[in-house]
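The data block below is entry16.cif; it holds mmCIF, C-alpha atoms.
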data_coords
loop_
_atom_site.group_PDB
_atom_site.id
_atom_site.type_symbol
_atom_site.label_atom_id
_atom_site.label_comp_id
_atom_site.auth_asym_id
_atom_site.auth_seq_id
_atom_site.Cartn_x
_atom_site.Cartn_y
_atom_site.Cartn_z
ATOM 1 C CA MET T 1 14.651 8.415 21.868
ATOM 2 C CA LYS T 2 13.499 11.616 23.492
ATOM 3 C CA LEU T 3 11.351 13.834 21.337
ATOM 4 C CA ASP T 4 10.781 17.514 21.860
ATOM 5 C CA ALA T 5 8.085 19.771 20.432
ATOM 6 C CA ARG T 6 10.140 20.565 17.305
ATOM 7 C CA ASP T 7 10.585 16.871 16.547
ATOM 8 C CA LEU T 8 6.825 16.404 16.850
ATOM 9 C CA ASP T 9 6.238 19.412 14.610
ATOM 10 C CA ILE T 10 8.491 17.845 11.962
ATOM 11 C CA LEU T 11 6.618 14.538 12.209
ATOM 12 C CA ARG T 12 3.236 16.292 12.000
ATOM 13 C CA VAL T 13 4.155 18.201 8.861
ATOM 14 C CA LEU T 14 5.723 15.162 7.158
ATOM 15 C CA ALA T 15 2.716 12.956 7.975
ATOM 16 C CA ARG T 16 0.536 15.346 5.972
ATOM 17 C CA GLU T 17 3.002 16.580 3.354
ATOM 18 C CA GLY T 18 5.735 14.035 2.675
ATOM 19 C CA ARG T 19 6.953 15.874 -0.431
ATOM 20 C CA ILE T 20 7.579 19.186 1.313
ATOM 21 C CA THR T 21 11.017 20.625 0.578
ATOM 22 C CA LYS T 22 13.516 20.672 3.391
ATOM 23 C CA ALA T 23 13.589 24.474 3.244
ATOM 24 C CA ASP T 24 9.802 24.694 3.549
ATOM 25 C CA LEU T 25 9.826 22.125 6.356
ATOM 26 C CA ALA T 26 12.410 24.168 8.258
ATOM 27 C CA GLU T 27 10.330 27.328 7.831
ATOM 28 C CA ARG T 28 7.104 25.583 8.931
ATOM 29 C CA VAL T 29 8.665 24.276 12.153
ATOM 30 C CA GLY T 30 10.573 27.454 12.945
ATOM 31 C CA LEU T 31 14.123 26.222 12.417
ATOM 32 C CA SER T 32 16.929 27.108 10.073
ATOM 33 C CA PRO T 33 17.583 24.474 7.370
ATOM 34 C CA THR T 34 20.679 22.796 8.851
ATOM 35 C CA PRO T 35 19.260 22.076 12.337
ATOM 36 C CA CYS T 36 16.012 20.941 10.711
ATOM 37 C CA TRP T 37 17.911 18.626 8.349
ATOM 38 C CA ASN T 38 19.911 17.207 11.309
ATOM 39 C CA ARG T 39 16.707 16.497 13.223
ATOM 40 C CA LEU T 40 15.115 14.899 10.176
ATOM 41 C CA LYS T 41 18.127 12.610 9.685
ATOM 42 C CA ARG T 42 18.025 11.684 13.398
ATOM 43 C CA LEU T 43 14.304 10.836 13.192
ATOM 44 C CA GLU T 44 14.894 8.704 10.084
ATOM 45 C CA GLU T 45 17.892 6.901 11.596
ATOM 46 C CA ALA T 46 15.907 6.169 14.772
ATOM 47 C CA GLY T 47 13.206 4.532 12.666
ATOM 48 C CA LEU T 48 10.473 7.030 13.551
ATOM 49 C CA ILE T 49 10.088 7.826 9.860
ATOM 50 C CA GLU T 50 9.664 4.531 8.050
ATOM 51 C CA GLY T 51 9.445 5.987 4.561
ATOM 52 C CA TYR T 52 7.764 8.430 2.231
ATOM 53 C CA ALA T 53 4.897 7.536 -0.060
ATOM 54 C CA ALA T 54 2.285 9.113 -2.287
ATOM 55 C CA ARG T 55 -1.438 8.635 -1.702
ATOM 56 C CA ILE T 56 -2.755 7.391 -5.027
ATOM 57 C CA ASN T 57 -6.324 8.068 -6.161
ATOM 58 C CA LEU T 58 -6.904 4.553 -7.457
ATOM 59 C CA LYS T 59 -10.376 5.269 -8.832
ATOM 60 C CA LYS T 60 -8.788 7.634 -11.387
ATOM 61 C CA ILE T 61 -6.596 4.770 -12.611
ATOM 62 C CA ALA T 62 -8.860 1.726 -12.702
ATOM 63 C CA HIS T 63 -12.159 0.326 -11.535
ATOM 64 C CA HIS T 64 -11.582 -1.546 -8.287
ATOM 65 C CA VAL T 65 -13.196 -2.781 -5.113
ATOM 66 C CA THR T 66 -11.762 -2.514 -1.622
ATOM 67 C CA VAL T 67 -12.715 -5.257 0.800
ATOM 68 C CA PHE T 68 -11.945 -5.723 4.471
ATOM 69 C CA VAL T 69 -11.825 -9.346 5.549
ATOM 70 C CA ALA T 70 -11.921 -10.524 9.159
ATOM 71 C CA VAL T 71 -10.112 -13.856 9.384
ATOM 72 C CA GLU T 72 -10.102 -16.630 11.968
ATOM 73 C CA ILE T 73 -7.169 -19.021 11.903
ATOM 74 C CA ALA T 74 -7.691 -22.738 12.512
ATOM 75 C CA GLY T 75 -6.112 -24.031 15.677
ATOM 76 C CA HIS T 76 -4.668 -20.768 17.010
ATOM 77 C CA THR T 77 -1.105 -22.066 17.261
ATOM 78 C CA ALA T 78 1.949 -19.895 16.751
ATOM 79 C CA ALA T 79 2.977 -22.057 13.795
ATOM 80 C CA ARG T 80 -0.379 -21.592 12.053
ATOM 81 C CA MET T 81 -0.270 -17.833 12.621
ATOM 82 C CA GLN T 82 3.253 -17.699 11.192
ATOM 83 C CA THR T 83 2.175 -19.774 8.178
ATOM 84 C CA PHE T 84 -0.694 -17.388 7.479
ATOM 85 C CA GLU T 85 1.461 -14.278 7.898
ATOM 86 C CA ALA T 86 4.226 -15.639 5.646
ATOM 87 C CA ALA T 87 1.701 -16.649 2.973
ATOM 88 C CA LEU T 88 0.357 -13.098 2.673
ATOM 89 C CA ALA T 89 3.596 -12.020 0.999
ATOM 90 C CA HIS T 90 2.420 -13.981 -2.079
ATOM 91 C CA TYR T 91 -0.852 -12.081 -2.473
ATOM 92 C CA ASP T 92 -0.336 -8.588 -3.905
ATOM 93 C CA GLU T 93 -4.051 -7.881 -3.550
ATOM 94 C CA VAL T 94 -3.641 -7.903 0.240
ATOM 95 C CA VAL T 95 -2.478 -4.315 0.707
ATOM 96 C CA ALA T 96 -2.588 -4.345 4.518
ATOM 97 C CA CYS T 97 -3.133 -6.817 7.317
ATOM 98 C CA TRP T 98 -3.335 -6.419 11.069
ATOM 99 C CA ALA T 99 -3.208 -9.072 13.801
ATOM 100 C CA LEU T 100 -6.088 -8.489 16.223
ATOM 101 C CA GLY T 101 -6.946 -9.260 19.803
ATOM 102 C CA GLY T 102 -10.544 -10.242 20.424
ATOM 103 C CA GLY T 103 -12.951 -12.158 18.219
ATOM 104 C CA PHE T 104 -10.983 -12.359 14.964
ATOM 105 C CA ASP T 105 -7.318 -13.111 14.452
ATOM 106 C CA TYR T 106 -6.595 -10.807 11.507
ATOM 107 C CA LEU T 107 -8.103 -7.974 9.514
ATOM 108 C CA MET T 108 -6.990 -7.821 5.883
ATOM 109 C CA GLN T 109 -7.478 -4.966 3.457
ATOM 110 C CA ILE T 110 -7.768 -6.274 -0.077
ATOM 111 C CA VAL T 111 -7.984 -4.379 -3.379
ATOM 112 C CA THR T 112 -9.118 -6.228 -6.516
ATOM 113 C CA ARG T 113 -10.647 -5.349 -9.884
ATOM 114 C CA ASP T 114 -14.091 -6.593 -8.885
ATOM 115 C CA ILE T 115 -15.968 -8.943 -6.568
ATOM 116 C CA ASP T 116 -15.290 -11.929 -8.823
ATOM 117 C CA ALA T 117 -11.546 -11.319 -8.564
ATOM 118 C CA TYR T 118 -11.914 -10.997 -4.795
ATOM 119 C CA GLN T 119 -13.739 -14.340 -4.600
ATOM 120 C CA ARG T 120 -11.081 -16.031 -6.737
ATOM 121 C CA LEU T 121 -8.432 -14.698 -4.355
ATOM 122 C CA ILE T 122 -10.260 -16.038 -1.299
ATOM 123 C CA ASP T 123 -10.786 -19.391 -3.035
ATOM 124 C CA ALA T 124 -7.055 -19.545 -3.787
ATOM 125 C CA MET T 125 -6.207 -18.772 -0.159
ATOM 126 C CA LEU T 126 -8.543 -21.515 1.046
ATOM 127 C CA GLU T 127 -7.137 -23.972 -1.488
ATOM 128 C CA ALA T 128 -3.579 -23.128 -0.418
ATOM 129 C CA GLN T 129 -4.489 -24.138 3.141
ATOM 130 C CA ILE T 130 -2.727 -21.206 4.757
ATOM 131 C CA GLY T 131 -4.777 -21.635 7.925
ATOM 132 C CA VAL T 132 -8.003 -19.728 7.269
ATOM 133 C CA SER T 133 -10.870 -21.455 9.070
ATOM 134 C CA ARG T 134 -13.494 -18.709 8.627
ATOM 135 C CA TYR T 135 -13.608 -15.316 6.995
ATOM 136 C CA PHE T 136 -16.048 -12.434 6.965
ATOM 137 C CA THR T 137 -16.211 -10.027 4.030
ATOM 138 C CA TYR T 138 -16.947 -6.305 4.326
ATOM 139 C CA ILE T 139 -17.120 -4.406 1.039
ATOM 140 C CA VAL T 140 -16.199 -0.724 1.111
ATOM 141 C CA THR T 141 -19.013 1.322 -0.429
ATOM 142 C CA LYS T 142 -17.237 4.675 -0.114
ATOM 143 C CA PRO T 143 -14.182 6.036 1.617
ATOM 144 C CA VAL T 144 -15.004 8.431 4.430
ATOM 145 C CA LYS T 145 -11.646 9.189 6.043
ATOM 146 C CA SER T 146 -8.167 7.841 5.434
ATOM 147 C CA GLY T 147 -4.546 8.830 5.429
ATOM 148 C CA GLY T 148 -4.742 11.191 8.377
ATOM 149 C CA ALA T 149 -1.716 12.140 10.402
ATOM 150 C CA PRO T 150 -1.285 10.327 13.720
ATOM 151 C CA PRO T 151 -2.914 12.198 16.633
ATOM 152 C CA PHE T 152 0.382 12.998 18.366
ATOM 153 C CA ASP T 153 -1.201 15.337 20.910
ATOM 154 C CA LEU T 154 -3.702 12.692 21.989
ATOM 155 C CA LEU T 155 -1.091 9.946 22.098
ATOM 156 C CA LEU T 156 1.524 11.923 23.983
ATOM 157 C CA GLY T 157 -0.672 14.011 26.255
ATOM 158 C CA ASP T 158 -0.038 17.605 27.256
ATOM 159 C CA GLN T 159 2.452 19.255 24.911
ATOM 160 C CA SER T 160 3.711 21.434 27.760
ATOM 161 C CA ASN T 161 5.888 18.421 28.623
ATOM 162 C CA PHE T 162 7.940 19.182 25.527
ATOM 163 C CA ARG T 163 10.289 22.089 25.414
ATOM 164 C CA LYS T 164 11.067 24.058 22.289
ATOM 165 C CA SER T 165 14.689 23.522 21.297
#

Output the file's structure as structure tokens, nothing else.
Amino acid sequence: MKLDARDLDILRVLAREGRITKADLAERVGLSPTPCWNRLKRLEEAGLIEGYAARINLKKIAHHVTVFVAVEIAGHTAARMQTFEAALAHYDEVVACWALGGGFDYLMQIVTRDIDAYQRLIDAMLEAQIGVSRYFTYIVTKPVKSGGAPPFDLLLGDQSNFRKS
């Protein structure tokens, strides 16, 4: 799908303000509501917009700990990787996971009530034999930056390549 500067403007605004009204979005990107709405529908249908979500301030709801866990999988076979990936669907505490190239196979982001709950989760994963051979725990002491909009300009290069439509 070819994107122009207006499409990128729509994506930029939505990445920061997902609840913006369609009228305000149209005004912010310099379009009338109907063309803006048509572009938005096209971006959604093309799968560029995967969904809309709220950023929740979890510390105002409950005490918690966020842990990043680097995981090595035993054996490094496709079947073992698939087993591990499928098993993660059963652990709600795993809020994100990325497959990595390099030293570790996966990086998991886990949120639990406390360190004891985290350790019980890891023990359960090891007991379930989902393929974890080693894991390395990194406890988040404070958030510094999160939830930023993608750096479209850096990813796509010079914006002069895009024409205003």

Closest of T:Arg120, T:Lys145, T:Arg19, T:Arg113 to T:His64, counting all atoms listed in the file, is T:Arg113

Going by the chain IDs and residue numbers used in this file, which residues fall under the PyMOL selection byres ((chain T and resi 104) around 7)? Write them as an NGL selection string. :T and (70-72 or 100 or 102-103 or 105-106)

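Within the 12 Å cut-off around stretch 114-119 of chain T, using all atoms listed in the file and omitting residues fewer than 6 positions from it on the same chain, the listed residues are Ala62, His63, His64, Val65, Thr66, Val67, Phe68, Val69, Tyr91, Asp92, Glu93, Val94, Met125, Leu126, Tyr135, Phe136, Thr137, Tyr138, Ile139 and Val140 of chain T.
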
Write out as an MDAnalysis selection string the residues lying within 12 Å of T:Gln82, counting only C-alpha atoms and excluding same-chain residues fewer than 6 positions away. chainID T and resid 73 76 88:89 99 105 130:131

Pick out the residues sitting within 12 Å of T:Leu48, and hand them over as a PyMOL selection string; count only C-alpha atoms, and ignore anything fewer than 2 positions along from it in its own chain. chain T and resi 1-3+7-8+10-12+14-15+39-46+50-52

Export of the given selection (C-alpha atoms) as a PDB file, in the coordinates of the input:
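Below is the file that was written, again_14.pdb:
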ATOM      1  CA  MET T   1      14.651   8.415  21.868  1.00  0.00           C
ATOM      2  CA  LYS T   2      13.499  11.616  23.492  1.00  0.00           C
ATOM      3  CA  LEU T   3      11.351  13.834  21.337  1.00  0.00           C
ATOM      4  CA  ASP T   7      10.585  16.871  16.547  1.00  0.00           C
ATOM      5  CA  LEU T   8       6.825  16.404  16.850  1.00  0.00           C
ATOM      6  CA  ILE T  10       8.491  17.845  11.962  1.00  0.00           C
ATOM      7  CA  LEU T  11       6.618  14.538  12.209  1.00  0.00           C
ATOM      8  CA  ARG T  12       3.236  16.292  12.000  1.00  0.00           C
ATOM      9  CA  LEU T  14       5.723  15.162   7.158  1.00  0.00           C
ATOM     10  CA  ALA T  15       2.716  12.956   7.975  1.00  0.00           C
ATOM     11  CA  ARG T  39      16.707  16.497  13.223  1.00  0.00           C
ATOM     12  CA  LEU T  40      15.115  14.899  10.176  1.00  0.00           C
ATOM     13  CA  LYS T  41      18.127  12.610   9.685  1.00  0.00           C
ATOM     14  CA  ARG T  42      18.025  11.684  13.398  1.00  0.00           C
ATOM     15  CA  LEU T  43      14.304  10.836  13.192  1.00  0.00           C
ATOM     16  CA  GLU T  44      14.894   8.704  10.084  1.00  0.00           C
ATOM     17  CA  GLU T  45      17.892   6.901  11.596  1.00  0.00           C
ATOM     18  CA  ALA T  46      15.907   6.169  14.772  1.00  0.00           C
ATOM     19  CA  GLU T  50       9.664   4.531   8.050  1.00  0.00           C
ATOM     20  CA  GLY T  51       9.445   5.987   4.561  1.00  0.00           C
ATOM     21  CA  TYR T  52       7.764   8.430   2.231  1.00  0.00           C
TER      22      TYR T  52
END

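Excluding T:Val95 itself and same-chain residues fewer than 6 positions from it, the residues having an atom within 7 Å of it are T:Gln109, T:Ile110, T:Val111, counting only C-alpha atoms.
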
Just want the 7 Å neighbourhood of stretch 26-35 of chain T, counted on all atoms listed in the file, with same-chain residues fewer than 3 positions away dropped. Output as a VMD selection string. chain T and resid 6 9 to 10 22 to 23 38 to 39

With distances taken over all atoms listed in the file, which residue among T:Leu107, T:Glu17, T:Ala87, T:Lys60 lies nearest T:Ala128? T:Ala87

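Using only C-alpha atoms, the nearest neighbour of T:Gln129 within the list T:Thr21, T:Ser146, T:Thr83, T:Asn57 is T:Thr83.
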
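One distance worth recording is that between atom CA of T:Lys142 and atom CA of T:Ile20, which is 28.8 Å.
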
Separating atom CA of T:Ile61 from atom CA of T:Val13, to the nearest tenth of an Å, is a gap of 27.5 Å

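Atom CA of T:Gly18 lies 7.8 Å from atom CA of T:Ala54.
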
Would it be fine to have stretch 1-142 of chain T, with C-alpha atoms, given as a short mmCIF file (atom, residue, chain, number, x, y, z; two decimals), in the first residue's frame?
data_model
loop_
_atom_site.label_atom_id
_atom_site.label_comp_id
_atom_site.auth_asym_id
_atom_site.auth_seq_id
_atom_site.Cartn_x
_atom_site.Cartn_y
_atom_site.Cartn_z
CA MET T 1 0.00 0.00 0.00
CA LYS T 2 1.33 3.40 -0.94
CA LEU T 3 1.22 5.98 1.80
CA ASP T 4 1.34 9.71 1.30
CA ALA T 5 2.09 12.46 3.80
CA ARG T 6 -1.57 12.75 4.88
CA ASP T 7 -1.73 9.03 5.64
CA LEU T 8 1.40 9.38 7.77
CA ASP T 9 -0.09 12.40 9.52
CA ILE T 10 -3.19 10.35 10.38
CA LEU T 11 -1.03 7.52 11.74
CA ARG T 12 1.10 9.94 13.77
CA VAL T 13 -1.90 11.56 15.42
CA LEU T 14 -3.63 8.23 16.15
CA ALA T 15 -0.44 6.72 17.63
CA ARG T 16 -0.46 9.49 20.24
CA GLU T 17 -4.19 10.12 20.62
CA GLY T 18 -6.25 7.05 19.77
CA ARG T 19 -9.44 8.53 21.22
CA ILE T 20 -9.40 11.67 19.08
CA THR T 21 -12.73 12.33 17.36
CA LYS T 22 -12.87 11.90 13.63
CA ALA T 23 -13.68 15.60 13.24
CA ASP T 24 -10.66 16.62 15.31
CA LEU T 25 -8.46 14.15 13.42
CA ALA T 26 -9.59 15.63 10.10
CA GLU T 27 -8.84 19.15 11.33
CA ARG T 28 -5.39 18.15 12.67
CA VAL T 29 -4.33 16.60 9.36
CA GLY T 30 -5.84 19.31 7.19
CA LEU T 31 -8.65 17.35 5.56
CA SER T 32 -12.40 17.58 5.55
CA PRO T 33 -14.13 14.82 7.57
CA THR T 34 -15.26 12.55 4.71
CA PRO T 35 -11.87 12.21 2.96
CA CYS T 36 -10.22 11.76 6.36
CA TRP T 37 -12.74 9.06 7.30
CA ASN T 38 -12.15 7.30 3.94
CA ARG T 39 -8.40 7.31 4.50
CA LEU T 40 -8.82 6.04 8.05
CA LYS T 41 -11.01 3.15 6.85
CA ARG T 42 -8.44 2.33 4.13
CA LEU T 43 -5.60 2.29 6.68
CA GLU T 44 -7.62 0.03 9.00
CA GLU T 45 -8.63 -2.34 6.19
CA ALA T 46 -5.01 -2.58 5.02
CA GLY T 47 -3.99 -3.65 8.52
CA LEU T 48 -1.80 -0.61 9.22
CA ILE T 49 -3.96 0.18 12.23
CA GLU T 50 -4.19 -2.98 14.30
CA GLY T 51 -6.47 -1.57 16.98
CA TYR T 52 -7.08 1.13 19.54
CA ALA T 53 -6.18 0.83 23.19
CA ALA T 54 -5.87 2.88 26.35
CA ARG T 55 -2.60 3.21 28.24
CA ILE T 56 -3.46 2.22 31.79
CA ASN T 57 -1.58 3.62 34.79
CA LEU T 58 -1.34 0.28 36.57
CA LYS T 59 0.31 1.69 39.70
CA LYS T 60 -2.91 3.62 40.43
CA ILE T 61 -4.84 0.34 40.37
CA ALA T 62 -2.64 -2.16 42.20
CA HIS T 63 0.84 -2.81 43.49
CA HIS T 64 2.76 -4.70 40.83
CA VAL T 65 6.19 -5.51 39.50
CA THR T 66 7.25 -5.50 35.86
CA VAL T 67 9.97 -7.93 34.89
CA PHE T 68 11.77 -8.49 31.61
CA VAL T 69 12.99 -12.04 31.13
CA ALA T 70 15.53 -13.10 28.52
CA VAL T 71 14.88 -16.74 27.63
CA GLU T 72 16.98 -19.41 25.94
CA ILE T 73 15.13 -22.37 24.47
CA ALA T 74 16.56 -25.88 24.77
CA GLY T 75 17.57 -27.42 21.48
CA HIS T 76 16.74 -24.51 19.16
CA THR T 77 14.42 -26.53 16.93
CA ALA T 78 11.40 -25.07 15.19
CA ALA T 79 9.15 -27.45 17.12
CA ARG T 80 10.52 -26.31 20.49
CA MET T 81 10.14 -22.65 19.53
CA GLN T 82 6.54 -23.29 18.46
CA THR T 83 5.84 -25.14 21.71
CA PHE T 84 7.16 -22.22 23.74
CA GLU T 85 5.24 -19.63 21.72
CA ALA T 86 1.97 -21.58 21.93
CA ALA T 87 2.39 -22.08 25.69
CA LEU T 88 2.59 -18.33 26.32
CA ALA T 89 -1.10 -17.99 25.50
CA HIS T 90 -1.79 -19.71 28.86
CA TYR T 91 0.11 -17.17 30.96
CA ASP T 92 -1.79 -13.89 31.34
CA GLU T 93 1.13 -12.40 33.26
CA VAL T 94 3.19 -12.45 30.06
CA VAL T 95 1.97 -9.18 28.55
CA ALA T 96 4.45 -9.12 25.65
CA CYS T 97 7.05 -11.37 24.10
CA TRP T 98 9.49 -10.88 21.26
CA ALA T 99 11.57 -13.45 19.37
CA LEU T 100 15.17 -12.23 19.18
CA GLY T 101 18.20 -12.74 17.02
CA GLY T 102 21.50 -12.93 18.86
CA GLY T 103 22.28 -14.33 22.29
CA PHE T 104 18.78 -15.00 23.64
CA ASP T 105 15.81 -16.51 21.87
CA TYR T 106 13.01 -14.47 23.45
CA LEU T 107 12.41 -11.41 25.59
CA MET T 108 9.26 -11.56 27.71
CA GLN T 109 7.61 -8.71 29.56
CA ILE T 110 5.84 -9.99 32.65
CA VAL T 111 3.60 -8.15 35.13
CA THR T 112 2.82 -9.77 38.49
CA ARG T 113 1.72 -8.64 41.95
CA ASP T 114 5.18 -9.11 43.44
CA ILE T 115 8.47 -10.97 43.07
CA ASP T 116 7.06 -14.07 44.77
CA ALA T 117 4.28 -14.26 42.19
CA TYR T 118 6.86 -13.81 39.44
CA GLN T 119 8.96 -16.69 40.81
CA ARG T 120 5.89 -18.94 41.05
CA LEU T 121 5.14 -18.15 37.40
CA ILE T 122 8.68 -19.02 36.30
CA ASP T 123 8.58 -22.22 38.38
CA ALA T 124 5.30 -23.17 36.69
CA MET T 125 6.80 -22.53 33.25
CA LEU T 126 9.81 -24.70 34.08
CA GLU T 127 7.58 -27.44 35.48
CA ALA T 128 5.40 -27.35 32.35
CA GLN T 129 8.50 -28.08 30.26
CA ILE T 130 7.66 -25.56 27.57
CA GLY T 131 11.28 -25.49 26.41
CA VAL T 132 12.99 -22.96 28.68
CA SER T 133 16.59 -24.01 29.25
CA ARG T 134 17.83 -20.78 30.88
CA TYR T 135 16.29 -17.47 31.82
CA PHE T 136 17.62 -14.13 33.00
CA THR T 137 15.48 -11.80 35.10
CA TYR T 138 15.58 -8.00 34.87
CA ILE T 139 13.31 -6.17 37.31
CA VAL T 140 12.01 -2.76 36.25
CA THR T 141 12.83 -0.19 38.94
CA LYS T 142 11.09 2.71 37.20
#
